[in-house]
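Student: Below is the file coords_29.pdb, which contains PDB, C-alpha atoms, pLDDT in the B column.
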```pdb
MODEL        1
ATOM      1  CA  MET A   1      14.488 -16.579 -31.571  1.00 30.00           C
ATOM      2  CA  ASN A   2      12.084 -14.289 -29.746  1.00 41.00           C
ATOM      3  CA  PRO A   3      13.961 -10.948 -29.379  1.00 35.00           C
ATOM      4  CA  ARG A   4      12.283 -10.372 -26.035  1.00 43.00           C
ATOM      5  CA  ASN A   5      13.727 -13.628 -24.692  1.00 47.00           C
ATOM      6  CA  GLY A   6      17.119 -12.642 -26.047  1.00 45.00           C
ATOM      7  CA  LEU A   7      16.915  -9.310 -24.236  1.00 41.00           C
ATOM      8  CA  LYS A   8      15.967 -11.106 -21.022  1.00 47.00           C
ATOM      9  CA  ARG A   9      18.993 -13.410 -21.296  1.00 43.00           C
ATOM     10  CA  LYS A  10      21.305 -10.465 -21.921  1.00 39.00           C
ATOM     11  CA  PHE A  11      20.239  -8.820 -18.678  1.00 40.00           C
ATOM     12  CA  ASP A  12      20.465 -12.109 -16.784  1.00 46.00           C
ATOM     13  CA  LEU A  13      24.144 -12.306 -17.752  1.00 38.00           C
ATOM     14  CA  HIS A  14      24.720  -8.700 -16.733  1.00 43.00           C
ATOM     15  CA  MET A  15      22.965  -9.218 -13.410  1.00 44.00           C
ATOM     16  CA  LYS A  16      25.379 -11.898 -12.223  1.00 46.00           C
ATOM     17  CA  GLU A  17      27.657  -9.137 -10.956  1.00 49.00           C
ATOM     18  CA  THR A  18      25.147  -6.352 -10.350  1.00 79.00           C
ATOM     19  CA  VAL A  19      22.181  -7.938  -8.521  1.00 84.00           C
ATOM     20  CA  LYS A  20      20.907  -5.691  -5.725  1.00 90.00           C
ATOM     21  CA  PRO A  21      19.028  -7.983  -3.307  1.00 91.00           C
ATOM     22  CA  HIS A  22      17.868  -5.108  -1.107  1.00 95.00           C
ATOM     23  CA  LEU A  23      15.830  -3.571  -3.938  1.00 97.00           C
ATOM     24  CA  ILE A  24      12.361  -4.714  -5.024  1.00 98.00           C
ATOM     25  CA  GLY A  25      10.594  -3.568  -8.170  1.00 98.00           C
ATOM     26  CA  LEU A  26       6.948  -2.675  -7.560  1.00 98.00           C
ATOM     27  CA  ILE A  27       4.576  -2.879 -10.529  1.00 98.00           C
ATOM     28  CA  GLY A  28       0.917  -2.086  -9.946  1.00 98.00           C
ATOM     29  CA  ASP A  29      -2.159  -2.973 -11.964  1.00 98.00           C
ATOM     30  CA  VAL A  30      -1.076  -3.766 -15.535  1.00 98.00           C
ATOM     31  CA  HIS A  31      -4.363  -3.532 -17.462  1.00 98.00           C
ATOM     32  CA  SER A  32      -2.679  -4.941 -20.565  1.00 98.00           C
ATOM     33  CA  GLU A  33      -0.254  -2.025 -20.925  1.00 98.00           C
ATOM     34  CA  HIS A  34       2.307  -4.415 -22.422  1.00 98.00           C
ATOM     35  CA  ALA A  35       4.531  -1.657 -23.873  1.00 98.00           C
ATOM     36  CA  ARG A  36       4.838   0.151 -20.531  1.00 98.00           C
ATOM     37  CA  LEU A  37       5.277  -3.161 -18.748  1.00 98.00           C
ATOM     38  CA  GLU A  38       8.208  -4.022 -20.987  1.00 98.00           C
ATOM     39  CA  GLN A  39       9.731  -0.564 -20.397  1.00 97.00           C
ATOM     40  CA  ALA A  40       9.474  -1.075 -16.653  1.00 98.00           C
ATOM     41  CA  LEU A  41      10.883  -4.604 -16.696  1.00 98.00           C
ATOM     42  CA  VAL A  42      13.829  -3.716 -18.937  1.00 96.00           C
ATOM     43  CA  PHE A  43      14.612  -0.726 -16.705  1.00 96.00           C
ATOM     44  CA  LEU A  44      14.423  -2.755 -13.482  1.00 97.00           C
ATOM     45  CA  HIS A  45      16.541  -5.622 -14.794  1.00 94.00           C
ATOM     46  CA  SER A  46      19.151  -3.265 -16.194  1.00 94.00           C
ATOM     47  CA  ALA A  47      19.367  -1.733 -12.711  1.00 95.00           C
ATOM     48  CA  GLY A  48      20.173  -5.150 -11.230  1.00 94.00           C
ATOM     49  CA  ILE A  49      16.782  -5.578  -9.540  1.00 96.00           C
ATOM     50  CA  LYS A  50      16.028  -9.286  -9.502  1.00 91.00           C
ATOM     51  CA  THR A  51      12.944  -9.364  -7.266  1.00 96.00           C
ATOM     52  CA  ILE A  52       9.940  -7.801  -8.994  1.00 98.00           C
ATOM     53  CA  VAL A  53       6.332  -8.034  -7.836  1.00 98.00           C
ATOM     54  CA  CYS A  54       3.047  -7.161  -9.549  1.00 99.00           C
ATOM     55  CA  THR A  55      -0.386  -6.535  -8.017  1.00 98.00           C
ATOM     56  CA  GLY A  56      -2.388  -8.114 -10.843  1.00 98.00           C
ATOM     57  CA  ASP A  57      -5.325  -6.825 -12.923  1.00 98.00           C
ATOM     58  CA  ILE A  58      -3.384  -7.966 -15.954  1.00 98.00           C
ATOM     59  CA  VAL A  59      -6.396  -7.907 -18.294  1.00 98.00           C
ATOM     60  CA  ASP A  60      -8.918  -5.225 -19.356  1.00 98.00           C
ATOM     61  CA  GLY A  61      -6.998  -2.392 -20.939  1.00 98.00           C
ATOM     62  CA  PRO A  62      -5.742  -0.846 -24.166  1.00 97.00           C
ATOM     63  CA  GLY A  63      -2.939  -3.294 -24.958  1.00 97.00           C
ATOM     64  CA  CYS A  64      -2.403  -7.029 -25.289  1.00 98.00           C
ATOM     65  CA  PRO A  65      -3.021  -9.326 -22.297  1.00 98.00           C
ATOM     66  CA  ASN A  66      -1.110 -12.196 -23.923  1.00 98.00           C
ATOM     67  CA  GLN A  67       2.034 -10.105 -24.407  1.00 98.00           C
ATOM     68  CA  SER A  68       1.673  -8.778 -20.857  1.00 98.00           C
ATOM     69  CA  ILE A  69       1.535 -12.296 -19.454  1.00 98.00           C
ATOM     70  CA  GLU A  70       4.467 -13.421 -21.606  1.00 98.00           C
ATOM     71  CA  LEU A  71       6.539 -10.589 -20.151  1.00 98.00           C
ATOM     72  CA  LEU A  72       5.575 -11.390 -16.548  1.00 98.00           C
ATOM     73  CA  MET A  73       6.544 -15.003 -17.147  1.00 98.00           C
ATOM     74  CA  ALA A  74       9.784 -14.215 -18.979  1.00 97.00           C
ATOM     75  CA  TYR A  75      11.020 -11.927 -16.208  1.00 97.00           C
ATOM     76  CA  GLY A  76       9.880 -14.181 -13.354  1.00 97.00           C
ATOM     77  CA  VAL A  77       7.653 -11.491 -11.833  1.00 98.00           C
ATOM     78  CA  LYS A  78       5.834 -12.592  -8.685  1.00 98.00           C
ATOM     79  CA  THR A  79       2.219 -11.747  -9.477  1.00 98.00           C
ATOM     80  CA  VAL A  80      -1.166 -12.072  -7.770  1.00 98.00           C
ATOM     81  CA  ALA A  81      -4.672 -12.113  -9.227  1.00 98.00           C
ATOM     82  CA  GLY A  82      -6.696  -8.918  -9.360  1.00 98.00           C
ATOM     83  CA  ASN A  83     -10.462  -8.513  -9.487  1.00 98.00           C
ATOM     84  CA  HIS A  84     -10.369  -7.943 -13.266  1.00 98.00           C
ATOM     85  CA  ASP A  85      -8.523 -11.231 -13.730  1.00 98.00           C
ATOM     86  CA  ARG A  86     -11.139 -12.983 -11.600  1.00 98.00           C
ATOM     87  CA  TRP A  87     -13.993 -11.310 -13.474  1.00 98.00           C
ATOM     88  CA  LEU A  88     -12.626 -12.475 -16.823  1.00 98.00           C
ATOM     89  CA  LEU A  89     -12.362 -16.082 -15.640  1.00 98.00           C
ATOM     90  CA  GLU A  90     -15.895 -15.898 -14.193  1.00 98.00           C
ATOM     91  CA  ASN A  91     -17.226 -14.112 -17.309  1.00 98.00           C
ATOM     92  CA  LYS A  92     -18.505 -11.232 -15.174  1.00 98.00           C
ATOM     93  CA  VAL A  93     -18.513  -7.449 -15.633  1.00 98.00           C
ATOM     94  CA  ARG A  94     -17.526  -7.817 -19.296  1.00 97.00           C
ATOM     95  CA  HIS A  95     -19.450  -4.671 -20.247  1.00 97.00           C
ATOM     96  CA  LEU A  96     -16.552  -2.505 -19.082  1.00 96.00           C
ATOM     97  CA  PRO A  97     -14.688  -0.405 -21.677  1.00 95.00           C
ATOM     98  CA  MET A  98     -11.668  -2.290 -23.052  1.00 97.00           C
ATOM     99  CA  ALA A  99     -12.786  -5.506 -21.340  1.00 98.00           C
ATOM    100  CA  HIS A 100     -11.203  -8.730 -22.537  1.00 98.00           C
ATOM    101  CA  HIS A 101     -12.848 -12.120 -22.897  1.00 98.00           C
ATOM    102  CA  LYS A 102     -11.565 -15.664 -22.595  1.00 98.00           C
ATOM    103  CA  ALA A 103     -11.497 -15.891 -26.384  1.00 98.00           C
ATOM    104  CA  ASP A 104      -8.927 -13.062 -26.451  1.00 98.00           C
ATOM    105  CA  LEU A 105      -6.454 -15.071 -24.407  1.00 98.00           C
ATOM    106  CA  SER A 106      -4.211 -17.916 -25.457  1.00 98.00           C
ATOM    107  CA  ALA A 107      -4.381 -21.256 -23.667  1.00 98.00           C
ATOM    108  CA  GLN A 108      -1.105 -20.372 -21.939  1.00 98.00           C
ATOM    109  CA  SER A 109      -2.498 -17.039 -20.745  1.00 98.00           C
ATOM    110  CA  LEU A 110      -5.705 -18.587 -19.402  1.00 98.00           C
ATOM    111  CA  ASN A 111      -3.700 -21.213 -17.552  1.00 98.00           C
ATOM    112  CA  TYR A 112      -1.470 -18.501 -16.103  1.00 98.00           C
ATOM    113  CA  LEU A 113      -4.460 -16.513 -14.775  1.00 98.00           C
ATOM    114  CA  GLN A 114      -6.073 -19.623 -13.328  1.00 98.00           C
ATOM    115  CA  ARG A 115      -2.913 -20.444 -11.390  1.00 98.00           C
ATOM    116  CA  LEU A 116      -2.473 -17.023  -9.798  1.00 98.00           C
ATOM    117  CA  ASN A 117      -3.026 -16.791  -6.047  1.00 98.00           C
ATOM    118  CA  LYS A 118      -4.823 -13.943  -4.310  1.00 98.00           C
ATOM    119  CA  THR A 119      -1.850 -13.377  -2.009  1.00 98.00           C
ATOM    120  CA  GLU A 120       1.837 -14.231  -1.927  1.00 98.00           C
ATOM    121  CA  SER A 121       4.129 -14.098   1.098  1.00 98.00           C
ATOM    122  CA  ILE A 122       7.705 -13.286   0.133  1.00 97.00           C
ATOM    123  CA  ASN A 123      10.833 -13.373   2.281  1.00 97.00           C
ATOM    124  CA  CYS A 124      13.404 -11.011   0.842  1.00 95.00           C
ATOM    125  CA  HIS A 125      16.635  -9.677   2.310  1.00 94.00           C
ATOM    126  CA  GLY A 126      15.554 -10.686   5.805  1.00 95.00           C
ATOM    127  CA  GLN A 127      12.190  -8.957   5.581  1.00 97.00           C
ATOM    128  CA  ARG A 128       8.657 -10.276   5.073  1.00 98.00           C
ATOM    129  CA  LEU A 129       6.357  -8.984   2.349  1.00 98.00           C
ATOM    130  CA  LEU A 130       2.689  -9.694   1.686  1.00 98.00           C
ATOM    131  CA  LEU A 131       1.689  -9.139  -1.946  1.00 98.00           C
ATOM    132  CA  CYS A 132      -2.003  -8.742  -2.740  1.00 98.00           C
ATOM    133  CA  HIS A 133      -4.323  -6.817  -5.020  1.00 98.00           C
ATOM    134  CA  GLY A 134      -6.819  -5.219  -2.643  1.00 98.00           C
ATOM    135  CA  MET A 135      -6.403  -6.155   1.017  1.00 98.00           C
ATOM    136  CA  GLY A 136      -5.260  -9.670   1.785  1.00 98.00           C
ATOM    137  CA  ASP A 137      -7.498 -12.182   0.031  1.00 97.00           C
ATOM    138  CA  ARG A 138     -10.184  -9.554  -0.649  1.00 98.00           C
ATOM    139  CA  ASP A 139      -9.392  -8.326  -4.153  1.00 98.00           C
ATOM    140  CA  LEU A 140     -11.899  -5.461  -3.836  1.00 98.00           C
ATOM    141  CA  GLY A 141     -10.747  -4.498  -0.349  1.00 98.00           C
ATOM    142  CA  LYS A 142      -9.244  -1.103   0.385  1.00 97.00           C
ATOM    143  CA  ALA A 143      -8.255   1.168   3.244  1.00 98.00           C
ATOM    144  CA  TRP A 144      -8.014   4.945   3.301  1.00 97.00           C
ATOM    145  CA  PRO A 145      -7.144   7.203   6.268  1.00 97.00           C
ATOM    146  CA  GLY A 146      -9.505   9.947   5.088  1.00 97.00           C
ATOM    147  CA  THR A 147      -8.788  13.141   3.152  1.00 95.00           C
ATOM    148  CA  ASP A 148     -10.781  16.129   1.910  1.00 91.00           C
ATOM    149  CA  ALA A 149     -11.385  14.284  -1.362  1.00 90.00           C
ATOM    150  CA  MET A 150     -12.129  10.791  -0.015  1.00 94.00           C
ATOM    151  CA  PRO A 151     -13.711   9.707   3.283  1.00 96.00           C
ATOM    152  CA  ILE A 152     -12.253   7.234   5.765  1.00 98.00           C
ATOM    153  CA  GLU A 153     -12.264   3.599   4.670  1.00 97.00           C
ATOM    154  CA  ARG A 154     -11.382   1.221   7.494  1.00 98.00           C
ATOM    155  CA  SER A 155     -10.459  -2.411   6.865  1.00 98.00           C
ATOM    156  CA  VAL A 156     -11.012  -5.312   9.229  1.00 98.00           C
ATOM    157  CA  THR A 157      -8.879  -7.411   6.873  1.00 98.00           C
ATOM    158  CA  LEU A 158      -5.923  -5.047   7.117  1.00 98.00           C
ATOM    159  CA  ASP A 159      -6.358  -4.754  10.873  1.00 98.00           C
ATOM    160  CA  GLY A 160      -6.065  -8.545  11.112  1.00 98.00           C
ATOM    161  CA  ILE A 161      -2.877  -8.536   9.030  1.00 98.00           C
ATOM    162  CA  ILE A 162      -1.406  -5.799  11.231  1.00 98.00           C
ATOM    163  CA  LYS A 163      -2.358  -7.636  14.441  1.00 98.00           C
ATOM    164  CA  ALA A 164      -0.814 -10.899  13.225  1.00 98.00           C
ATOM    165  CA  GLU A 165       2.601  -9.195  12.861  1.00 97.00           C
ATOM    166  CA  GLN A 166       3.699 -11.759  10.264  1.00 97.00           C
ATOM    167  CA  HIS A 167       4.750  -9.204   7.648  1.00 98.00           C
ATOM    168  CA  ASP A 168       6.835  -6.038   7.568  1.00 98.00           C
ATOM    169  CA  TRP A 169       5.443  -4.746   4.272  1.00 98.00           C
ATOM    170  CA  LEU A 170       2.171  -5.053   2.382  1.00 98.00           C
ATOM    171  CA  ILE A 171       2.297  -4.281  -1.339  1.00 98.00           C
ATOM    172  CA  ASN A 172      -1.077  -3.795  -3.030  1.00 98.00           C
ATOM    173  CA  GLY A 173      -2.784  -2.079  -5.936  1.00 98.00           C
ATOM    174  CA  HIS A 174      -6.461  -1.686  -6.901  1.00 98.00           C
ATOM    175  CA  LEU A 175      -6.689   2.057  -6.091  1.00 96.00           C
ATOM    176  CA  HIS A 176      -4.434   3.124  -9.010  1.00 97.00           C
ATOM    177  CA  PHE A 177      -2.920   5.628  -6.563  1.00 96.00           C
ATOM    178  CA  ARG A 178       0.735   5.219  -5.568  1.00 97.00           C
ATOM    179  CA  THR A 179       1.135   6.019  -1.906  1.00 97.00           C
ATOM    180  CA  ILE A 180       2.616   4.912   1.434  1.00 97.00           C
ATOM    181  CA  MET A 181       0.675   4.255   4.647  1.00 97.00           C
ATOM    182  CA  ALA A 182       2.842   3.597   7.693  1.00 97.00           C
ATOM    183  CA  PHE A 183       1.471   1.678  10.670  1.00 97.00           C
ATOM    184  CA  LYS A 184       3.473   0.851  13.777  1.00 96.00           C
ATOM    185  CA  THR A 185       4.207  -2.747  12.731  1.00 96.00           C
ATOM    186  CA  LEU A 186       3.490  -2.686   8.991  1.00 97.00           C
ATOM    187  CA  THR A 187       4.107  -0.384   6.018  1.00 98.00           C
ATOM    188  CA  VAL A 188       1.561  -0.476   3.200  1.00 98.00           C
ATOM    189  CA  ILE A 189       2.715   0.590  -0.265  1.00 98.00           C
ATOM    190  CA  ASN A 190       0.184   0.947  -3.060  1.00 98.00           C
ATOM    191  CA  ALA A 191       2.001   0.225  -6.305  1.00 98.00           C
ATOM    192  CA  GLY A 192      -0.551   2.102  -8.414  1.00 97.00           C
ATOM    193  CA  THR A 193      -1.002   1.219 -12.078  1.00 98.00           C
ATOM    194  CA  LEU A 194       0.683   1.262 -15.475  1.00 98.00           C
ATOM    195  CA  THR A 195      -2.419   2.510 -17.244  1.00 97.00           C
ATOM    196  CA  GLY A 196      -3.995   5.906 -17.806  1.00 94.00           C
ATOM    197  CA  HIS A 197      -2.565   9.399 -18.189  1.00 90.00           C
ATOM    198  CA  ARG A 198      -2.705  10.794 -14.662  1.00 87.00           C
ATOM    199  CA  TRP A 199      -0.417   8.729 -12.397  1.00 90.00           C
ATOM    200  CA  PRO A 200       1.012   5.781 -14.375  1.00 96.00           C
ATOM    201  CA  GLY A 201       4.399   4.481 -13.296  1.00 97.00           C
ATOM    202  CA  PHE A 202       6.242   1.996 -11.117  1.00 98.00           C
ATOM    203  CA  SER A 203       8.489   2.118  -8.060  1.00 98.00           C
ATOM    204  CA  VAL A 204      11.502   0.566  -6.344  1.00 98.00           C
ATOM    205  CA  LEU A 205      11.475  -0.320  -2.657  1.00 98.00           C
ATOM    206  CA  ASP A 206      14.829  -0.123  -0.865  1.00 97.00           C
ATOM    207  CA  LEU A 207      14.687  -2.484   2.112  1.00 97.00           C
ATOM    208  CA  ASP A 208      17.937  -1.169   3.582  1.00 96.00           C
ATOM    209  CA  GLU A 209      17.077   2.520   3.396  1.00 96.00           C
ATOM    210  CA  LYS A 210      13.337   2.022   4.082  1.00 96.00           C
ATOM    211  CA  SER A 211      12.556   4.252   1.131  1.00 97.00           C
ATOM    212  CA  VAL A 212      10.686   4.146  -2.169  1.00 98.00           C
ATOM    213  CA  GLN A 213      11.829   5.686  -5.456  1.00 97.00           C
ATOM    214  CA  ALA A 214       9.028   6.206  -7.959  1.00 97.00           C
ATOM    215  CA  PHE A 215       9.412   6.368 -11.733  1.00 97.00           C
ATOM    216  CA  GLU A 216       7.199   7.606 -14.546  1.00 96.00           C
ATOM    217  CA  PHE A 217       6.950   7.083 -18.295  1.00 95.00           C
ATOM    218  CA  THR A 218       7.917  10.024 -20.507  1.00 91.00           C
ATOM    219  CA  PRO A 219       8.594  10.491 -24.241  1.00 91.00           C
ATOM    220  CA  GLN A 220      12.286  10.482 -23.294  1.00 91.00           C
ATOM    221  CA  GLY A 221      11.922   7.136 -21.507  1.00 92.00           C
ATOM    222  CA  VAL A 222      11.645   6.158 -17.865  1.00 95.00           C
ATOM    223  CA  GLN A 223      12.388   9.064 -15.507  1.00 94.00           C
ATOM    224  CA  PRO A 224      12.511   9.331 -11.684  1.00 95.00           C
ATOM    225  CA  ALA A 225       9.413  10.969 -10.236  1.00 94.00           C
ATOM    226  CA  ILE A 226       9.770  11.260  -6.455  1.00 94.00           C
ATOM    227  CA  ALA A 227      11.505   9.471  -3.578  1.00 96.00           C
ATOM    228  CA  LEU A 228      10.000   9.034  -0.111  1.00 96.00           C
ATOM    229  CA  LYS A 229      11.343   7.686   3.165  1.00 96.00           C
ATOM    230  CA  VAL A 230       9.010   5.577   5.252  1.00 95.00           C
ATOM    231  CA  PRO A 231       7.977   7.730   8.248  1.00 92.00           C
ATOM    232  CA  THR A 232      10.049   6.926  11.331  1.00 89.00           C
ATOM    233  CA  GLN A 233       7.063   7.747  13.549  1.00 89.00           C
ATOM    234  CA  PRO A 234       4.094   5.874  12.040  1.00 89.00           C
ATOM    235  CA  GLU A 235       0.750   7.611  12.341  1.00 85.00           C
ATOM    236  CA  TRP A 236      -1.561   4.701  13.170  1.00 97.00           C
ATOM    237  CA  GLN A 237      -1.852   1.501  15.190  1.00 97.00           C
ATOM    238  CA  ASP A 238      -4.445   0.120  12.750  1.00 98.00           C
ATOM    239  CA  THR A 239      -7.244   1.429  10.531  1.00 98.00           C
ATOM    240  CA  GLN A 240      -9.448   2.079  13.559  1.00 97.00           C
ATOM    241  CA  SER A 241      -6.981   4.895  14.350  1.00 97.00           C
ATOM    242  CA  PHE A 242      -7.811   6.793  11.149  1.00 97.00           C
ATOM    243  CA  GLN A 243      -8.872  10.371  11.852  1.00 95.00           C
ATOM    244  CA  GLY A 244      -9.851  11.647   8.403  1.00 96.00           C
ATOM    245  CA  ASP A 245      -7.215  14.382   8.175  1.00 93.00           C
ATOM    246  CA  TRP A 246      -4.480  12.581   6.236  1.00 96.00           C
ATOM    247  CA  GLU A 247      -2.088  14.299   3.830  1.00 94.00           C
ATOM    248  CA  PRO A 248      -1.226  11.440   1.446  1.00 94.00           C
ATOM    249  CA  LEU A 249       2.397  10.468   0.876  1.00 94.00           C
ATOM    250  CA  VAL A 250       2.161  10.208  -2.908  1.00 96.00           C
ATOM    251  CA  LEU A 251       4.641   8.407  -5.129  1.00 96.00           C
ATOM    252  CA  PHE A 252       4.188  10.626  -8.162  1.00 93.00           C
ATOM    253  CA  LYS A 253       4.785  14.238  -9.081  1.00 83.00           C
ATOM    254  CA  ARG A 254       1.965  16.406  -7.819  1.00 67.00           C
ATOM    255  CA  GLU A 255       0.062  18.356 -10.433  1.00 61.00           C
ATOM    256  CA  PRO A 256       0.356  22.161 -10.125  1.00 50.00           C
ATOM    257  CA  SER A 257      -2.398  23.574  -7.949  1.00 42.00           C
TER     258      SER A 257
ENDMDL
END
```
What do you get writing this file as C-alpha cells?
Tutor:
Amino acid sequence: MNPRNGLKRKFDLHMKETVKPHLIGLIGDVHSEHARLEQALVFLHSAGIKTIVCTGDIVDGPGCPNQSIELLMAYGVKTVAGNHDRWLLENKVRHLPMAHHKADLSAQSLNYLQRLNKTESINCHGQRLLLCHGMGDRDLGKAWPGTDAMPIERSVTLDGIIKAEQHDWLINGHLHFRTIMAFKTLTVINAGTLTGHRWPGFSVLDLDEKSVQAFEFTPQGVQPAIALKVPTQPEWQDTQSFQGDWEPLVLFKREPS
C-alpha cells in the first residue's frame, strides 16, 4: 500500500469530527516542490481543512512533478493551470532552468495537466471564490497598485471581474508574492509559491473572520508567519483607482531593514 494514501485515509477519518468548513487552504505556485507540498497538505488536513485550492504552475522546479500531481489528486485539491503548465504542454519556453518536458511526466500526469481549467468558480460556506493563476483566464495577467519597487499595473481583466460582482474572493498566484488587495466588492489574495528561499509558504483563509493566516516552512516544521484581517475600508473601486503609493499587505515575515 502506498504510505501516502494511507496517511490521507487516516486524516479523512479524523476529519469526520473536525472539519472546519469556514477555512480554506491556499497553496500558490507549486513548481514541483513535492516535499513542501506534502508538508502543507498534511498540515492542512490535520487541522480539519477540507477545502484546499492551488494556483497551478505545478511543473518546472527542483522536485518531482509526478509526485506533486499525485499529492494534489490524493488530497482532492482544486487546482487550475498556470503558464508553466501550459508551456510544457505546448513545448514552449523549455530553456528555463529546471524546466520539465513531456517525457518527464507519466501518462497520468500529462492527462491531469491537460484537464486543468484556467479558472474555477467555487461556492464555499456561502461565499463565492474565483481561483485562477494570473488574472481570470489570462495566466500571465497581473495587477499591482504601485509601490516604490514596482510601478502600477492595471488590469482590464480584473476590472471586469470586479464589475461583474459574481465573486467575493479571487485567489491567484503567478507573482510569487503573498499579499492581499481589497477592493470594494472583491478581495484578491495572492497565494504566492512553495518554491525558493525568500517567501515560500502557504496560507489559510477564514471566511467567517475575513482574515488570512500565513505559514512558512522551517527546519522545525510548519510555523505560523503572520495573520492579516481584510481591510474593512477597501482602498480601491477597481484597478483604475490605483495611485502608486501602496504599502503592500504581505503574508510573510518581513525581512529586517
Student: With all atoms listed in the file as the atoms that count, which of A:Gly76, A:Gly25, A:Gly146, A:Gly61 lies nearest to A:Met181?
Tutor: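 Result for the nearest residue to A:Met181: A:Gly146.
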Student: Nearest residue to A:Leu44 out of A:Leu23, A:Leu228, A:Cys132, A:Leu72, using only C-alpha atoms?
Tutor: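 Answer, going by the shortest atom-to-atom distance: A:Leu23.
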Student: My list of candidates is A:Ile49, A:Ile189, A:Met98, A:Leu175. Which is closest to A:Lys20 when distances are computed with all atoms listed in the file?
Tutor: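 Looking at the shortest contact to A:Lys20, the residue is A:Ile49.
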Student: For the structure shown, which residues end up in the PyMOL selection byres ((chain A and resi 102) around 12)? Put them as a ChimeraX atom specification, please?
Tutor: /A:59-60,65-66,85-92,94,99-101,103-111,113-114
Student: Need the shell around stretch 163-168 of chain A: protein/DNA/RNA residues with any atom at most 7 Å away, counting only C-alpha atoms. Skip same-chain ones fewer than 6 positions apart. Format as a ChimeraX atom specification?
Tutor: /A:127-130,185-187
Student: Output C-alpha atoms for every residue in the selection just made, as a short mmCIF file (atom, residue, chain, number, x, y, z; two decimals), keeping the file's coordinate frame.
Tutor:
```cif
data_model
loop_
_atom_site.label_atom_id
_atom_site.label_comp_id
_atom_site.auth_asym_id
_atom_site.auth_seq_id
_atom_site.Cartn_x
_atom_site.Cartn_y
_atom_site.Cartn_z
CA GLN A 127 12.19 -8.96 5.58
CA ARG A 128 8.66 -10.28 5.07
CA LEU A 129 6.36 -8.98 2.35
CA LEU A 130 2.69 -9.69 1.69
CA THR A 185 4.21 -2.75 12.73
CA LEU A 186 3.49 -2.69 8.99
CA THR A 187 4.11 -0.38 6.02
#
```
